[in-house]
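Asks: Below you will find the structure I want to go over with you.
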2 protein chains.
Amino acid sequence: MYRTVTCGELRIADVNKEVVLAGWVQRIRKMGGMTFIDLRDRYGITQLAFEQGNESQTALFEQAGKLGREYVVQATGVVKERYSKNDQLSTGDIEIEVTKLVVLNPAIVPPFTIEDETDGGDDIRMKYRYLDLRRSVVRRNLELRHRMAFEVRSYLDKHGFLEVETPVLVNSTPEGARDFVVPSRMNPGQFYALPQSPQTLKQLLMVSGFDRYFQIVKCFRDEDLRADRQPEFTQIDCEMSFVEQEDILQMFEGMTRHLFKTIKGINLPALPRMSWHDAMKYYGSDKPDTRFDMRFVELMDVLKGYGFSVFDNAAYIGGICAKGAAVYTRKQIDQLTDFVRRPQIGAKGLVYARIEADGTVRSSVDKFYTQDQLAALKNAMSAEPGDLILILSGDDADKTRKQLSELRLEMGSQLGLRDKNKYSCLWVVDFPMYEWSDEEQRLMAMHHPFTSPKPEDIPLLDTDPAKVRANAYDMVINGVEVGGGSIRIHDAKLQEKVFEILGFTPEQAQTKFGFLMNAFKYGAPPHGGLAYGLDRFVSLFAGLDSIRDCIAFPKNNQGRDVMLGAPGVIDQVQLDELQLKVEKKN
Amino acid sequence: MYRTVTCGELRIADVNKEVVLAGWVQRIRKMGGMTFIDLRDRYGITQLAFEQGNESQTALFEQAGKLGREYVVQATGVVKERYSKNDQLSTGDIEIEVTKLVVLNPAIVPPFTIEDETDGGDDIRMKYRYLDLRRSVVRRNLELRHRMAFEVRSYLDKHGFLEVETPVLVNSTPEGARDFVVPSRMNPGQFYALPQSPQTLKQLLMVSGFDRYFQIVKCFRDEDLRADRQPEFTQIDCEMSFVEQEDILQMFEGMTRHLFKTIKGINLPALPRMSWHDAMKYYGSDKPDTRFDMRFVELMDVLKGYGFSVFDNAAYIGGICAKGAAVYTRKQIDQLTDFVRRPQIGAKGLVYARIEADGTVRSSVDKFYTQDQLAALKNAMSAEPGDLILILSGDDADKTRKQLSELRLEMGSQLGLRDKNKYSCLWVVDFPMYEWSDEEQRLMAMHHPFTSPKPEDIPLLDTDPAKVRANAYDMVINGVEVGGGSIRIHDAKLQEKVFEILGFTPEQAQTKFGFLMNAFKYGAPPHGGLAYGLDRFVSLFAGLDSIRDCIAFPKNNQGRDVMLGAPGVIDQVQLDELQLKVEKKN
């Protein structure tokens, strides 16, 4: 061992001990006849002190003076109490009077500073990710990730779950995102696919009687990378047998509570449940941020029919009440109008109404409404003096609700209601089985085709499948869907019918999912489960804006690892062995 | 929840409790007016009893009679003490007097019996792996695997290791086995590779100051599958900074001890260490099975030069002493001769010598040697009356030792010295840095090109690289290499020199490993590590002959998952998106 202690552990009680430390030179300060070096490792920073004294000390002093940032050194010395202590550092009471210094490895000057606030831009930090990871703000995210994964395993192990590894080289499946494929050299012309999730395999494990399965597992999707998507991501994937929805909600509410307790020291209250229908109605989103209220109020009865043609022609009029925001200036409100008009949001305009101190209402549509009518609006919105009512309308209720949802989130941010250190968790339940796809001109599975309909809605499969609700649920924290799942179909016939509604011919269903439907015939237990996105879960706990910062070696928006230079070209020999030819299009 | 208890937990103390169970019908026994059903789940088997009694009971009795093997049922009833108890079953004292029976899912007849000793062959069991996994002998291997992985994580977490996920989509590297590649749709003509191990990435994490890293991680090799290889396999991958070889041996000897203690209840003694040179000399193998002794004795001085031309012309003559095997018949010895002559082993013949009860030696080469000369042989072999000496010779010492190693293992098996419940662990250390490749006509890295030479051997790199020993080590248990690793090079210049000896031009080295050598220039700490093969480790603990049985969904020797039908053909659309064309050769 190159050290007897780490850079994070020495305290005042260790004074006069002889120690050996090893680490990186974080900072060098020269002050007259003294040189101080901050020595850094994963565990902390310890100050090394060198004094220009007698002859032997001078040699050491000069040696220290020649070190550079990020040199790797080993220092032997004696722990001393500091003259001027540093409250900010756990080792701030002591320093090391160095008696021997060994340079283990010199370092050239790093391309950006290794500090919490670095001067390096995104691109250079990704290229030198191994240096970026030296920054404690980045490293702490990965320490948190380790801790969360460890606590997840502890909880699930204690509850009888077995972690079973499922294969990475599987078969390509339709219905879902695009697969990454892997050519098989031993089976030329054939391809493996990388799993988008172990969904069907974990269901087979239930058929096998594994009863309680989990896996923290890499999954893959070859999608065009929008913000905050990665081609490979990690799921906490879980499945249970002989359970109903309630059992799963309880079990994983317990897991979430365990994580909040052990990692954050927070005693999470029981999670409220909200139907998908209510989430859409009151928040315009299936993942409402419930850290703040500001629910939608539908205003069709209140505002329609008074001659304001925009509202009179609307299929939906909805408002939110921003408490205390009546102080917003005209300019601020114009900016909000610009915000909702952005193409990503797409609203045509924004109507507002301020509640004055005397209770009167002043709105942007005053000329169409009497004060009585506006008082009715105030009443409907439960608005009080000092509040600002913001109203959107449109000819498509769903789209308008989505726009209003964006506005609500923006107002939440502006009013400081989205504190990263405050957590609001809930279950969203009773999702519809299907959603209509304009693009595909057919019903698509909202979760996935293995999701079970609610038993009481099964008759609707024949008459009005769009109305069928699923035994599906999402866990939402602070407006982020961290997990989701469903009770699965365990009956081969019901599974066939669901595939049929999704537009599969019996032959297609058999080709693609025959192994699963066949397995169901050999005695499948009732089962269900869910999966959490570990990257998102960690980001949320770390208070990060992007999942990238809780991934050791993430890829950029072109799917590239710029540090490794991956992907890259491969040898012709390799292509020949795979019997493949690249046919580039221009 | 479909049950109040599992099929493994009811005991005599539970008598008269009303319970609900759910599981699979394992067996149905009809005995006159009684029907007994063994209900199975992951946790055990509980007997359900149905009596043909009054009218209401009759209906239930008839219902039970109609069940088939592997039906999934839910049974409500009362726990009763059994008339005839079953010692073999933890629930054997009780049975359930069923009051209500619900068929949750019927089952068609499985293609093989779901019993420890099944009638299903390998192929059918792989095709219906989800049924094979119902067999408790298979399931227990996966339970063991979960437990071992969990205990590995506990131990490493307690020792400050962080589990860091490294990417699966990386770059293709030379030196090593063939990579699986993944075409990149977003970067046409370019490919990711799946990692053969996270070797370079974990070294970068050391450069980042992560200090102690581990990961239980899937690795991939596109090799022609010999017996007991899988294209994807799992490693326990570990790396530490500021360590010397001794620190790593201590840490991972501790981990192995922890596993033996927690999983097997065995207190492992301190692991002996054997140099690679001694392992080759005394066992003809770098992974000696030390459950039994039977060391090689070199017999060149003893048997050469007496007119037996086979020995007189040999570069190596070596013998093993099989204790008590003088009783071997002529036929048994002929079988041993056939064994060593098999093409896989390739010896020309086998010489034997029996030590008779009176101490005289009778050998197959009596006519060339006097009894005095044979007595010298007996002496050299420390043989006693009743022992059998077996001797191989050849003109290539290394090849002959390998043949003798096979013979030694065979004799160990025949003499019952390789008990699967007995464990003998050791470290093999001081591996050579390089081995000569006849095929490539150059030196190859014996471990991998990042392995550090022993500091005292560094001068030999320039003069006699084949003599350089590495700071490399393997953990061997019962003749199986379960883990191995090395101290790594952390100096960019030394790394360059090693690449040079391996035949890389500076440009090739820079193209392939530039990111690593570059990283070393920014301050790399001394570091080293090792990796265990989890599949092998579990197999060893489970007493399995093949790693396949501790993998949930293994692939066959053609790299196929016959259950999923992977690999398979993919749509032309997918190929077009990847700008690839399959060019099949005939």
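Chain labels follow the order of the structure tokens: the first chain is A, the next B, and so on; residue numbering restarts at 1 in every chain, and ligands are counted from 1 in their shown order.
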Taking only C-alpha atoms into account and nothing else, which residues of chain B lie no more than 6 Å away from chain A? Please answer as a VMD selection string.

Replies: chain B and resid 1 to 2 42 70 to 72 105 to 108 130 to 131 133 to 134 146 162 to 163 170 to 171 182 189 to 192 204 208 to 209 242 to 244 521 to 523 566 to 569 579 to 584

Asks: May I have the residues within 7 Å of region 464-481 of chain B as a list in words, using only C-alpha atoms and disregarding those fewer than 5 positions away in the same chain?

Replies: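 Returned residues: Gln245, Lys287, Pro288, Asp289, Thr290, Arg291, Tyr423, Ser424, Cys425, Leu426, Trp427, Val428, Val429, Asp430, Phe431, Pro432, Met433, Tyr434, Glu435, Thr451, Ser452, Pro453, Lys454, Asp457, Ser486 and Ile487 of chain B.
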
Asks: Restricting the calculation to only C-alpha atoms, which member of A:Val302, A:Leu10, A:Ala177, A:Ala326 is positioned closest to Asp372 (chain A)?

Replies: A:Val302

Asks: With a distance cut-off of 10 Å and only C-alpha atoms, select the neighbouring residues of Phe541 (chain A), excluding the residue or stretch itself and same-chain residues fewer than 6 positions from it, and output the selection as a PDB file with N, CA, C and O atoms, in the first residue's frame.

Replies:
```pdb
ATOM      1  N   ASN A 141     -22.010  12.283  -7.784  1.00  0.00           N
ATOM      2  CA  ASN A 141     -23.192  11.707  -8.435  1.00  0.00           C
ATOM      3  C   ASN A 141     -23.044  10.198  -8.613  1.00  0.00           C
ATOM      4  O   ASN A 141     -24.006   9.443  -8.484  1.00  0.00           O
ATOM      5  N   LEU A 144     -23.391   8.484  -5.300  1.00  0.00           N
ATOM      6  CA  LEU A 144     -24.820   8.387  -4.999  1.00  0.00           C
ATOM      7  C   LEU A 144     -25.454   7.241  -5.781  1.00  0.00           C
ATOM      8  O   LEU A 144     -26.250   6.464  -5.242  1.00  0.00           O
ATOM      9  N   ARG A 145     -25.087   7.131  -7.035  1.00  0.00           N
ATOM     10  CA  ARG A 145     -25.633   6.060  -7.883  1.00  0.00           C
ATOM     11  C   ARG A 145     -25.306   4.691  -7.292  1.00  0.00           C
ATOM     12  O   ARG A 145     -26.165   3.818  -7.206  1.00  0.00           O
ATOM     13  N   MET A 148     -27.477   4.187  -4.191  1.00  0.00           N
ATOM     14  CA  MET A 148     -28.885   3.909  -4.500  1.00  0.00           C
ATOM     15  C   MET A 148     -29.057   2.484  -5.026  1.00  0.00           C
ATOM     16  O   MET A 148     -29.972   1.773  -4.606  1.00  0.00           O
ATOM     17  N   LEU A 259     -35.423   4.076   0.011  1.00  0.00           N
ATOM     18  CA  LEU A 259     -34.380   4.907  -0.598  1.00  0.00           C
ATOM     19  C   LEU A 259     -34.379   6.315   0.005  1.00  0.00           C
ATOM     20  O   LEU A 259     -33.323   6.846   0.343  1.00  0.00           O
ATOM     21  N   PHE A 260     -35.563   6.908   0.116  1.00  0.00           N
ATOM     22  CA  PHE A 260     -35.612   8.255   0.689  1.00  0.00           C
ATOM     23  C   PHE A 260     -35.074   8.262   2.115  1.00  0.00           C
ATOM     24  O   PHE A 260     -34.352   9.168   2.517  1.00  0.00           O
ATOM     25  N   ILE A 263     -31.043   7.175   2.037  1.00  0.00           N
ATOM     26  CA  ILE A 263     -30.132   8.047   1.272  1.00  0.00           C
ATOM     27  C   ILE A 263     -30.310   9.508   1.653  1.00  0.00           C
ATOM     28  O   ILE A 263     -29.353  10.245   1.796  1.00  0.00           O
ATOM     29  N   LYS A 264     -31.567   9.915   1.831  1.00  0.00           N
ATOM     30  CA  LYS A 264     -31.828  11.339   2.057  1.00  0.00           C
ATOM     31  C   LYS A 264     -32.270  11.641   3.481  1.00  0.00           C
ATOM     32  O   LYS A 264     -32.456  12.810   3.831  1.00  0.00           O
ATOM     33  N   LYS A 420     -35.630  21.835  -5.714  1.00  0.00           N
ATOM     34  CA  LYS A 420     -35.036  20.516  -5.951  1.00  0.00           C
ATOM     35  C   LYS A 420     -34.847  19.709  -4.682  1.00  0.00           C
ATOM     36  O   LYS A 420     -34.632  18.502  -4.734  1.00  0.00           O
ATOM     37  N   ASN A 421     -34.885  20.380  -3.540  1.00  0.00           N
ATOM     38  CA  ASN A 421     -34.706  19.652  -2.289  1.00  0.00           C
ATOM     39  C   ASN A 421     -36.028  19.247  -1.649  1.00  0.00           C
ATOM     40  O   ASN A 421     -36.059  18.713  -0.545  1.00  0.00           O
ATOM     41  N   TYR A 423     -39.547  17.029  -2.248  1.00  0.00           N
ATOM     42  CA  TYR A 423     -39.979  15.912  -3.088  1.00  0.00           C
ATOM     43  C   TYR A 423     -41.470  15.661  -2.941  1.00  0.00           C
ATOM     44  O   TYR A 423     -41.994  15.612  -1.829  1.00  0.00           O
TER      45      TYR A 423
END
```

Asks: I need the residues in region 227-311 of chain B that are alpha helix (DSSP H) according to DSSP; give them as a ChimeraX atom specification.

Replies: /B:245-259,276-283,300-303,309-311
